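The block underneath contains the structure these notes are about, expressed in structure tokens.
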Number of protein chains: 2
Amino acid sequence: MYAIGEAARLSGVGIETIRYYEREGLIAPLPRSASGRRAFSADAVAELALIRRCRDLGFGLADIRALLGLTRGQPDCDAARSVAQRHLDRIRDQIVHLRRLEQVLTELAAGCDGQEAGCALLDALQGPAGSA
Amino acid sequence: MYAIGEAARLSGVGIETIRYYEREGLIAPLPRSASGRRAFSADAVAELALIRRCRDLGFGLADIRALLGLTRGQPDCDAARSVAQRHLDRIRDQIVHLRRLEQVLTELAAGCDGQEAGCALLDALQGPAGSA
DNA sequence: GCTTGATCCTGTAGCCGCTACAGGATGCAC
DNA sequence: GTGCATCCTGTAGCGGCTACAGGATCAAGC
């Protein structure tokens, strides 16, 4: 059994975050010592590490809740793949969106290099006179 | 002078959002009618539309605050460009990050297609045994 | 003048995923 | 027994809205 600080170090999840996950019901309520301190089994630490990996992949807590459910019963590959696929779709949408922004911003900033009258960037923001 | 609903329609900024911007000091306190209703000049509406365009470009309210300041005095092209450049850098970082996620997730999902023993996706999440 | 429905007001709480306190109780080493 | 590290609960803040509740006001029709 580990104390919360040790569990945090081992799993890579912050102490406050672990308490938050417990509050939110993402992990099961942890057993307590006589003085009320949380006690973490190796399995609990492993689950935290799993959550950590999912977070690193950008999954939201709702998705992680679903994935945790899938790891507890017998593995349902299709269900897991569909969670991952939906997440992947969202990521691709974000990439498309950000690339559009990147392009527009690059053009706006470039329009400012020649020191003509006024600031092309500020002008463009101020009114879509030329670009509708 | 326009009422808030009209200003919202004209600027593309939601009613609640306009009130929020005023509360946050992003726009100046709006003059009120005798009964306390906000009155929007054409300039106020134009400023809201400017904010809207900046939001569409992904700028945060702090950046927008700075950009609004730049549009009020005489235009400072360098300052504006540096705000935009910092924002562009952040966007590019995000794109890089998301692309990494996309690749990892794609590989994980692909590993699940052949129905071998267990679920490659769930296994990978559960422990970095093979990939360290 | 009265009713009706649209619009407006303030104030507060919720979203996500933490993070950072305050203020106090333990645990452990010396 | 004395420190210091660690732990506890509870609350508030981040960004950028959004969604209420509960009420006031306005404008149009009759």
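Naming scheme: A, B, ... for chains in displayed order of the structure tokens; residues 1 onward per chain; ligands 1 onward as shown.
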Mind dumping a table of every chain A residue within 7 Å of chain B, with the nearest atom pair and its distance in Å to one decimal, using only C-alpha atoms, sorted by chain and rising number, as a tab-separated table?
```
residue	atom	partner	partner_atom	distance
A:Leu50	CA	B:Gln126	CA	5.4
A:Arg53	CA	B:Leu125	CA	6.5
A:Cys54	CA	B:Leu125	CA	6.9
A:Leu57	CA	B:Leu101	CA	5.9
A:Thr71	CA	B:Leu122	CA	6.8
A:Pro75	CA	B:Cys119	CA	6.5
A:Cys77	CA	B:Cys119	CA	5.3
A:Ala80	CA	B:Leu122	CA	7.0
A:Arg81	CA	B:Ala109	CA	6.0
A:Ala84	CA	B:Ala109	CA	6.9
A:Leu88	CA	B:Glu102	CA	6.3
A:Ile91	CA	B:Leu98	CA	6.5
A:Ile95	CA	B:Ile95	CA	5.9
A:Leu98	CA	B:Ile91	CA	6.5
A:Leu101	CA	B:Leu57	CA	5.9
A:Glu102	CA	B:Leu88	CA	6.3
A:Leu105	CA	B:Leu88	CA	6.7
A:Ala109	CA	B:Arg81	CA	6.0
A:Gly118	CA	B:Pro75	CA	6.8
A:Cys119	CA	B:Cys77	CA	5.2
A:Leu122	CA	B:Thr71	CA	6.8
A:Leu125	CA	B:Leu50	CA	5.9
A:Gln126	CA	B:Leu50	CA	5.4
```
Excluding same-chain residues fewer than 3 positions from region 21-26 of chain D, what lies within 10 Å of it counting only C-alpha atoms (C1' of nucleotides), as a ChimeraX atom specification? /B:35-37 /C:6-12
Over every C-alpha pair, in sequence order, do a least-squares fit of chain B onto chain A and save the fitted chain as a tab-separated table (two decimals) with N, CA and C atoms, in the first residue's frame.
```
chain	number	residue	atom	x	y	z
B	1	MET	N	0.82	-1.19	0.02
B	1	MET	CA	-0.01	0.01	0.03
B	1	MET	C	0.86	1.26	0.02
B	2	TYR	N	0.44	2.24	-0.76
B	2	TYR	CA	1.18	3.49	-0.89
B	2	TYR	C	0.36	4.66	-0.37
B	3	ALA	N	1.06	5.66	0.12
B	3	ALA	CA	0.40	6.92	0.46
B	3	ALA	C	0.19	7.71	-0.83
B	4	ILE	N	-0.57	8.78	-0.74
B	4	ILE	CA	-0.95	9.49	-1.97
B	4	ILE	C	0.25	10.09	-2.68
B	5	GLY	N	1.23	10.56	-1.90
B	5	GLY	CA	2.41	11.16	-2.52
B	5	GLY	C	3.19	10.14	-3.33
B	6	GLU	N	3.33	8.96	-2.77
B	6	GLU	CA	4.02	7.86	-3.45
B	6	GLU	C	3.23	7.45	-4.71
B	7	ALA	N	1.92	7.32	-4.56
B	7	ALA	CA	1.08	6.96	-5.70
B	7	ALA	C	1.20	8.00	-6.81
B	8	ALA	N	1.28	9.26	-6.40
B	8	ALA	CA	1.42	10.33	-7.39
B	8	ALA	C	2.74	10.19	-8.14
B	9	ARG	N	3.83	9.97	-7.40
B	9	ARG	CA	5.14	9.81	-8.04
B	9	ARG	C	5.15	8.62	-8.99
B	10	LEU	N	4.59	7.51	-8.52
B	10	LEU	CA	4.63	6.28	-9.32
B	10	LEU	C	3.75	6.39	-10.57
B	11	SER	N	2.63	7.06	-10.45
B	11	SER	CA	1.67	7.07	-11.57
B	11	SER	C	1.86	8.26	-12.49
B	12	GLY	N	2.51	9.30	-11.97
B	12	GLY	CA	2.63	10.50	-12.78
B	12	GLY	C	1.42	11.41	-12.71
B	13	VAL	N	0.48	11.08	-11.83
B	13	VAL	CA	-0.71	11.92	-11.65
B	13	VAL	C	-0.51	12.76	-10.39
B	14	GLY	N	-0.77	14.03	-10.44
B	14	GLY	CA	-0.57	14.91	-9.29
B	14	GLY	C	-1.47	14.56	-8.11
B	15	ILE	N	-1.03	14.94	-6.92
B	15	ILE	CA	-1.79	14.64	-5.70
B	15	ILE	C	-3.18	15.24	-5.75
B	16	GLU	N	-3.26	16.50	-6.06
B	16	GLU	CA	-4.56	17.17	-6.09
B	16	GLU	C	-5.45	16.55	-7.16
B	17	THR	N	-4.81	16.14	-8.24
B	17	THR	CA	-5.57	15.54	-9.34
B	17	THR	C	-6.14	14.19	-8.94
B	18	ILE	N	-5.36	13.42	-8.18
B	18	ILE	CA	-5.86	12.13	-7.70
B	18	ILE	C	-7.10	12.35	-6.83
B	19	ARG	N	-6.99	13.31	-5.92
B	19	ARG	CA	-8.15	13.59	-5.06
B	19	ARG	C	-9.35	14.02	-5.90
B	20	TYR	N	-9.05	14.81	-6.92
B	20	TYR	CA	-10.11	15.25	-7.82
B	20	TYR	C	-10.76	14.05	-8.53
B	21	TYR	N	-9.96	13.13	-9.00
B	21	TYR	CA	-10.50	11.94	-9.68
B	21	TYR	C	-11.38	11.13	-8.74
B	22	GLU	N	-10.95	11.04	-7.50
B	22	GLU	CA	-11.78	10.29	-6.54
B	22	GLU	C	-13.10	11.01	-6.30
B	23	ARG	N	-13.02	12.32	-6.12
B	23	ARG	CA	-14.24	13.12	-5.92
B	23	ARG	C	-15.20	12.93	-7.08
B	24	GLU	N	-14.67	12.91	-8.30
B	24	GLU	CA	-15.48	12.81	-9.50
B	24	GLU	C	-15.94	11.39	-9.77
B	25	GLY	N	-15.47	10.44	-9.00
B	25	GLY	CA	-15.88	9.06	-9.22
B	25	GLY	C	-15.18	8.39	-10.39
B	26	LEU	N	-14.10	9.00	-10.87
B	26	LEU	CA	-13.37	8.38	-11.98
B	26	LEU	C	-12.66	7.13	-11.47
B	27	ILE	N	-12.16	7.19	-10.25
B	27	ILE	CA	-11.62	6.00	-9.60
B	27	ILE	C	-12.50	5.68	-8.39
B	28	ALA	N	-12.47	4.44	-7.96
B	28	ALA	CA	-13.30	4.02	-6.83
B	28	ALA	C	-12.81	4.73	-5.56
B	29	PRO	N	-13.71	4.92	-4.58
B	29	PRO	CA	-13.30	5.53	-3.32
B	29	PRO	C	-12.17	4.72	-2.72
B	30	LEU	N	-11.13	5.38	-2.28
B	30	LEU	CA	-9.96	4.66	-1.79
B	30	LEU	C	-10.13	4.30	-0.33
B	31	PRO	N	-9.67	3.12	0.04
B	31	PRO	CA	-9.70	2.73	1.46
B	31	PRO	C	-8.82	3.69	2.25
B	32	ARG	N	-9.17	3.85	3.54
B	32	ARG	CA	-8.47	4.83	4.36
B	32	ARG	C	-7.78	4.16	5.54
B	33	SER	N	-6.71	4.78	5.96
B	33	SER	CA	-6.05	4.33	7.20
B	33	SER	C	-6.88	4.79	8.39
B	34	ALA	N	-6.46	4.38	9.57
B	34	ALA	CA	-7.18	4.75	10.79
B	34	ALA	C	-7.30	6.27	10.91
B	35	SER	N	-6.28	6.98	10.44
B	35	SER	CA	-6.30	8.44	10.58
B	35	SER	C	-6.90	9.13	9.36
B	36	GLY	N	-7.46	8.33	8.44
B	36	GLY	CA	-8.16	8.93	7.32
B	36	GLY	C	-7.34	9.13	6.06
B	37	ARG	N	-6.10	8.63	6.07
B	37	ARG	CA	-5.28	8.81	4.87
B	37	ARG	C	-5.59	7.75	3.84
B	38	ARG	N	-5.55	8.16	2.58
B	38	ARG	CA	-5.85	7.23	1.49
B	38	ARG	C	-4.74	6.19	1.36
B	39	ALA	N	-5.14	4.96	1.09
B	39	ALA	CA	-4.17	3.88	0.87
B	39	ALA	C	-4.33	3.35	-0.55
B	40	PHE	N	-3.22	3.29	-1.29
B	40	PHE	CA	-3.25	2.90	-2.69
B	40	PHE	C	-2.62	1.53	-2.88
B	41	SER	N	-3.38	0.60	-3.45
B	41	SER	CA	-2.82	-0.70	-3.83
B	41	SER	C	-2.03	-0.53	-5.13
B	42	ALA	N	-1.26	-1.54	-5.47
B	42	ALA	CA	-0.53	-1.51	-6.74
B	42	ALA	C	-1.51	-1.38	-7.91
B	43	ASP	N	-2.65	-2.04	-7.79
B	43	ASP	CA	-3.67	-1.94	-8.85
B	43	ASP	C	-4.19	-0.51	-8.98
B	44	ALA	N	-4.41	0.13	-7.84
B	44	ALA	CA	-4.91	1.50	-7.88
B	44	ALA	C	-3.89	2.41	-8.56
B	45	VAL	N	-2.62	2.19	-8.25
B	45	VAL	CA	-1.57	2.98	-8.88
B	45	VAL	C	-1.53	2.71	-10.39
B	46	ALA	N	-1.70	1.44	-10.77
B	46	ALA	CA	-1.69	1.09	-12.19
B	46	ALA	C	-2.85	1.76	-12.91
B	47	GLU	N	-3.99	1.83	-12.23
B	47	GLU	CA	-5.14	2.47	-12.85
B	47	GLU	C	-4.88	3.97	-13.05
B	48	LEU	N	-4.27	4.58	-12.07
B	48	LEU	CA	-3.90	6.00	-12.21
B	48	LEU	C	-2.95	6.19	-13.40
B	49	ALA	N	-2.00	5.27	-13.53
B	49	ALA	CA	-1.04	5.38	-14.64
B	49	ALA	C	-1.76	5.23	-15.97
B	50	LEU	N	-2.76	4.35	-16.00
B	50	LEU	CA	-3.57	4.18	-17.21
B	50	LEU	C	-4.30	5.47	-17.55
B	51	ILE	N	-4.90	6.06	-16.52
B	51	ILE	CA	-5.59	7.33	-16.74
B	51	ILE	C	-4.62	8.36	-17.29
B	52	ARG	N	-3.44	8.39	-16.70
B	52	ARG	CA	-2.42	9.34	-17.13
B	52	ARG	C	-2.09	9.17	-18.60
B	53	ARG	N	-1.92	7.92	-19.03
B	53	ARG	CA	-1.60	7.69	-20.44
B	53	ARG	C	-2.75	8.17	-21.34
B	54	CYS	N	-3.96	7.89	-20.90
B	54	CYS	CA	-5.11	8.34	-21.70
B	54	CYS	C	-5.16	9.87	-21.78
B	55	ARG	N	-4.88	10.54	-20.65
B	55	ARG	CA	-4.87	12.01	-20.65
B	55	ARG	C	-3.80	12.52	-21.60
B	56	ASP	N	-2.64	11.86	-21.58
B	56	ASP	CA	-1.56	12.27	-22.48
B	56	ASP	C	-1.98	12.14	-23.94
B	57	LEU	N	-2.89	11.21	-24.19
B	57	LEU	CA	-3.38	11.03	-25.56
B	57	LEU	C	-4.54	11.99	-25.85
B	58	GLY	N	-4.89	12.80	-24.87
B	58	GLY	CA	-5.91	13.82	-25.11
B	58	GLY	C	-7.33	13.39	-24.81
B	59	PHE	N	-7.53	12.16	-24.33
B	59	PHE	CA	-8.88	11.72	-24.01
B	59	PHE	C	-9.46	12.56	-22.88
B	60	GLY	N	-10.74	12.87	-22.97
B	60	GLY	CA	-11.44	13.54	-21.89
B	60	GLY	C	-11.82	12.54	-20.81
B	61	LEU	N	-12.22	13.06	-19.66
B	61	LEU	CA	-12.54	12.17	-18.55
B	61	LEU	C	-13.73	11.27	-18.85
B	62	ALA	N	-14.67	11.75	-19.65
B	62	ALA	CA	-15.82	10.92	-20.00
B	62	ALA	C	-15.36	9.69	-20.80
B	63	ASP	N	-14.51	9.93	-21.77
B	63	ASP	CA	-13.96	8.81	-22.56
B	63	ASP	C	-13.17	7.86	-21.66
B	64	ILE	N	-12.40	8.44	-20.76
B	64	ILE	CA	-11.57	7.61	-19.89
B	64	ILE	C	-12.45	6.74	-19.00
B	65	ARG	N	-13.54	7.33	-18.54
B	65	ARG	CA	-14.50	6.56	-17.76
B	65	ARG	C	-14.93	5.32	-18.54
B	66	ALA	N	-15.25	5.54	-19.82
B	66	ALA	CA	-15.69	4.44	-20.66
B	66	ALA	C	-14.56	3.41	-20.83
B	67	LEU	N	-13.37	3.90	-21.10
B	67	LEU	CA	-12.25	2.99	-21.33
B	67	LEU	C	-11.93	2.19	-20.07
B	68	LEU	N	-12.02	2.84	-18.92
B	68	LEU	CA	-11.77	2.12	-17.67
B	68	LEU	C	-12.77	0.99	-17.50
B	69	GLY	N	-14.02	1.27	-17.85
B	69	GLY	CA	-15.04	0.23	-17.77
B	69	GLY	C	-14.66	-0.95	-18.66
B	70	LEU	N	-14.12	-0.64	-19.83
B	70	LEU	CA	-13.76	-1.69	-20.78
B	70	LEU	C	-12.57	-2.53	-20.29
B	71	THR	N	-11.72	-1.92	-19.49
B	71	THR	CA	-10.57	-2.70	-19.02
B	71	THR	C	-10.95	-3.59	-17.85
B	72	ARG	N	-12.10	-3.29	-17.23
B	72	ARG	CA	-12.46	-4.04	-16.04
B	72	ARG	C	-13.19	-5.34	-16.37
B	73	GLY	N	-14.14	-5.27	-17.30
B	73	GLY	CA	-14.78	-6.51	-17.74
B	73	GLY	C	-13.83	-7.23	-18.68
B	74	GLN	N	-14.36	-8.11	-19.51
B	74	GLN	CA	-13.45	-8.68	-20.50
B	74	GLN	C	-13.34	-7.68	-21.64
B	75	PRO	N	-12.17	-7.57	-22.20
B	75	PRO	CA	-11.89	-6.50	-23.15
B	75	PRO	C	-12.83	-6.52	-24.36
B	76	ASP	N	-13.42	-5.38	-24.65
B	76	ASP	CA	-14.30	-5.25	-25.80
B	76	ASP	C	-13.59	-4.35	-26.81
B	77	CYS	N	-12.93	-5.02	-27.74
B	77	CYS	CA	-12.06	-4.34	-28.68
B	77	CYS	C	-12.83	-3.34	-29.52
B	78	ASP	N	-14.01	-3.73	-29.98
B	78	ASP	CA	-14.79	-2.85	-30.85
B	78	ASP	C	-15.16	-1.57	-30.12
B	79	ALA	N	-15.62	-1.73	-28.88
B	79	ALA	CA	-16.02	-0.56	-28.11
B	79	ALA	C	-14.83	0.37	-27.91
B	80	ALA	N	-13.69	-0.22	-27.56
B	80	ALA	CA	-12.50	0.60	-27.33
B	80	ALA	C	-12.10	1.33	-28.61
B	81	ARG	N	-12.15	0.59	-29.70
B	81	ARG	CA	-11.76	1.21	-30.97
B	81	ARG	C	-12.70	2.35	-31.33
B	82	SER	N	-13.97	2.21	-31.01
B	82	SER	CA	-14.90	3.27	-31.39
B	82	SER	C	-14.69	4.52	-30.53
B	83	VAL	N	-14.35	4.32	-29.26
B	83	VAL	CA	-14.00	5.48	-28.43
B	83	VAL	C	-12.78	6.18	-29.01
B	84	ALA	N	-11.78	5.40	-29.36
B	84	ALA	CA	-10.55	5.97	-29.90
B	84	ALA	C	-10.81	6.65	-31.24
B	85	GLN	N	-11.68	6.04	-32.03
B	85	GLN	CA	-11.95	6.59	-33.36
B	85	GLN	C	-12.66	7.94	-33.26
B	86	ARG	N	-13.61	8.02	-32.35
B	86	ARG	CA	-14.30	9.30	-32.17
B	86	ARG	C	-13.31	10.38	-31.73
B	87	HIS	N	-12.43	9.98	-30.85
B	87	HIS	CA	-11.42	10.93	-30.36
B	87	HIS	C	-10.50	11.36	-31.50
B	88	LEU	N	-10.11	10.41	-32.29
B	88	LEU	CA	-9.24	10.70	-33.43
B	88	LEU	C	-9.93	11.65	-34.39
B	89	ASP	N	-11.22	11.45	-34.61
B	89	ASP	CA	-11.97	12.34	-35.50
B	89	ASP	C	-11.94	13.77	-34.96
B	90	ARG	N	-12.15	13.89	-33.66
B	90	ARG	CA	-12.13	15.23	-33.05
B	90	ARG	C	-10.75	15.88	-33.22
B	91	ILE	N	-9.72	15.09	-33.03
B	91	ILE	CA	-8.37	15.63	-33.18
B	91	ILE	C	-8.13	16.10	-34.60
B	92	ARG	N	-8.58	15.31	-35.55
B	92	ARG	CA	-8.37	15.70	-36.95
B	92	ARG	C	-9.15	16.98	-37.27
B	93	ASP	N	-10.35	17.09	-36.73
B	93	ASP	CA	-11.11	18.33	-36.92
B	93	ASP	C	-10.34	19.52	-36.37
B	94	GLN	N	-9.77	19.32	-35.20
B	94	GLN	CA	-9.02	20.41	-34.59
B	94	GLN	C	-7.82	20.80	-35.44
B	95	ILE	N	-7.16	19.79	-35.97
B	95	ILE	CA	-5.98	20.08	-36.81
B	95	ILE	C	-6.39	20.90	-38.03
B	96	VAL	N	-7.48	20.49	-38.66
B	96	VAL	CA	-7.96	21.23	-39.83
B	96	VAL	C	-8.25	22.67	-39.45
B	97	HIS	N	-8.94	22.83	-38.33
B	97	HIS	CA	-9.30	24.16	-37.87
B	97	HIS	C	-8.05	25.00	-37.61
B	98	LEU	N	-7.10	24.43	-36.90
B	98	LEU	CA	-5.90	25.18	-36.55
B	98	LEU	C	-5.08	25.52	-37.79
B	99	ARG	N	-5.10	24.63	-38.76
B	99	ARG	CA	-4.33	24.92	-39.97
B	99	ARG	C	-4.92	26.09	-40.72
B	100	ARG	N	-6.27	26.15	-40.72
B	100	ARG	CA	-6.92	27.31	-41.34
B	100	ARG	C	-6.48	28.59	-40.63
B	101	LEU	N	-6.54	28.56	-39.30
B	101	LEU	CA	-6.12	29.74	-38.54
B	101	LEU	C	-4.68	30.09	-38.85
B	102	GLU	N	-3.84	29.07	-38.91
B	102	GLU	CA	-2.43	29.32	-39.18
B	102	GLU	C	-2.25	30.07	-40.50
B	103	GLN	N	-2.99	29.59	-41.49
B	103	GLN	CA	-2.83	30.21	-42.80
B	103	GLN	C	-3.30	31.66	-42.81
B	104	VAL	N	-4.48	31.89	-42.25
B	104	VAL	CA	-5.02	33.25	-42.24
B	104	VAL	C	-4.08	34.18	-41.48
B	105	LEU	N	-3.62	33.71	-40.31
B	105	LEU	CA	-2.75	34.56	-39.50
B	105	LEU	C	-1.42	34.83	-40.19
B	106	THR	N	-0.91	33.82	-40.86
B	106	THR	CA	0.35	34.01	-41.58
B	106	THR	C	0.20	35.08	-42.65
B	107	GLU	N	-0.92	35.00	-43.37
B	107	GLU	CA	-1.16	36.00	-44.43
B	107	GLU	C	-1.30	37.39	-43.82
B	108	LEU	N	-2.04	37.48	-42.75
B	108	LEU	CA	-2.25	38.79	-42.13
B	108	LEU	C	-0.93	39.38	-41.67
B	109	ALA	N	-0.12	38.55	-41.01
B	109	ALA	CA	1.16	39.05	-40.49
B	109	ALA	C	2.08	39.45	-41.64
B	110	ALA	N	2.02	38.68	-42.72
B	110	ALA	CA	2.89	38.97	-43.87
B	110	ALA	C	2.51	40.30	-44.50
B	111	GLY	N	1.21	40.58	-44.56
B	111	GLY	CA	0.73	41.83	-45.16
B	111	GLY	C	1.25	43.06	-44.45
B	112	CYS	N	1.80	42.85	-43.26
B	112	CYS	CA	2.24	43.97	-42.45
B	112	CYS	C	3.71	44.31	-42.68
B	113	ASP	N	4.42	43.49	-43.44
B	113	ASP	CA	5.86	43.67	-43.50
B	113	ASP	C	6.26	44.94	-44.24
B	114	GLY	N	5.65	45.15	-45.41
B	114	GLY	CA	5.92	46.41	-46.09
B	114	GLY	C	5.28	47.54	-45.31
B	115	GLN	N	6.04	48.60	-45.05
B	115	GLN	CA	5.47	49.67	-44.21
B	115	GLN	C	4.68	50.66	-45.03
B	116	GLU	N	3.57	50.20	-45.56
B	116	GLU	CA	2.70	51.11	-46.30
B	116	GLU	C	1.87	51.92	-45.29
B	117	ALA	N	0.92	52.62	-45.81
B	117	ALA	CA	0.07	53.42	-44.93
B	117	ALA	C	-0.77	52.48	-44.06
B	118	GLY	N	-0.77	52.74	-42.75
B	118	GLY	CA	-1.58	51.94	-41.84
B	118	GLY	C	-0.99	50.58	-41.62
B	119	CYS	N	-1.67	49.79	-40.81
B	119	CYS	CA	-1.21	48.46	-40.48
B	119	CYS	C	-2.18	47.46	-41.10
B	120	ALA	N	-1.69	46.68	-42.01
B	120	ALA	CA	-2.57	45.76	-42.72
B	120	ALA	C	-3.26	44.81	-41.76
B	121	LEU	N	-2.54	44.41	-40.73
B	121	LEU	CA	-3.09	43.47	-39.76
B	121	LEU	C	-4.24	44.10	-38.99
B	122	LEU	N	-3.97	45.28	-38.43
B	122	LEU	CA	-5.03	45.96	-37.67
B	122	LEU	C	-6.20	46.33	-38.57
B	123	ASP	N	-5.89	46.76	-39.78
B	123	ASP	CA	-6.97	47.10	-40.71
B	123	ASP	C	-7.85	45.90	-40.99
B	124	ALA	N	-7.22	44.76	-41.19
B	124	ALA	CA	-7.98	43.56	-41.53
B	124	ALA	C	-8.88	43.16	-40.36
B	125	LEU	N	-8.36	43.31	-39.15
B	125	LEU	CA	-9.17	42.96	-37.99
B	125	LEU	C	-10.33	43.93	-37.82
B	126	GLN	N	-10.04	45.19	-38.15
B	126	GLN	CA	-11.02	46.22	-37.86
B	126	GLN	C	-12.26	46.14	-38.74
B	127	GLY	N	-12.06	45.74	-39.97
B	127	GLY	CA	-13.22	45.64	-40.84
B	127	GLY	C	-12.93	44.76	-42.02
B	128	PRO	N	-13.86	43.93	-42.40
B	128	PRO	CA	-13.64	43.02	-43.53
B	128	PRO	C	-13.99	43.74	-44.83
B	129	ALA	N	-13.56	45.00	-44.92
B	129	ALA	CA	-13.95	45.82	-46.07
B	129	ALA	C	-13.51	45.16	-47.38
B	130	GLY	N	-12.28	44.69	-47.41
B	130	GLY	CA	-11.77	44.16	-48.65
B	130	GLY	C	-12.01	42.66	-48.83
B	131	SER	N	-12.15	41.95	-47.70
B	131	SER	CA	-12.17	40.49	-47.82
B	131	SER	C	-13.56	39.90	-47.62
B	132	ALA	N	-14.51	40.75	-47.26
B	132	ALA	CA	-15.90	40.35	-47.05
B	132	ALA	C	-16.06	39.04	-46.32
```
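Of the listed residues D:DC20, D:DC14, D:DA5, D:DA27, the one whose atoms come nearest to DG14 (chain C) is D:DC20, with distances taken using only C-alpha atoms (C1' of nucleotides).
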Per DSSP on the backbone, what are the alpha helix (DSSP H) residues of region 8-89 of chain A, as a ChimeraX atom specification? /A:8-11,15-24,42-56,61-72,77-89
So what do you get for C1' of DC15 (chain C) versus C1' of DA12 (chain D), distance-wise? 16.0 Å
Taking only C-alpha atoms (C1' of nucleotides) into account, what are the residues of chain D at most 12 Å from chain A, put as a PyMOL selection string? chain D and resi 5-9
Taking only C-alpha atoms (C1' of nucleotides) into account and nothing else, which residues of chain C lie no more than 8 Å away from chain A? Please answer as a list in words.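 That gives the following set of residues: DC18, DT19 and DT26 of chain C.
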So the first atom is C1' of DA13 (chain C) and the second is C1' of DC17 (chain D); what is the distance between them in Å, to one decimal place?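 Atom-to-atom, C1' of DA13 (chain C) to C1' of DC17 (chain D), that is 12.7 Å.
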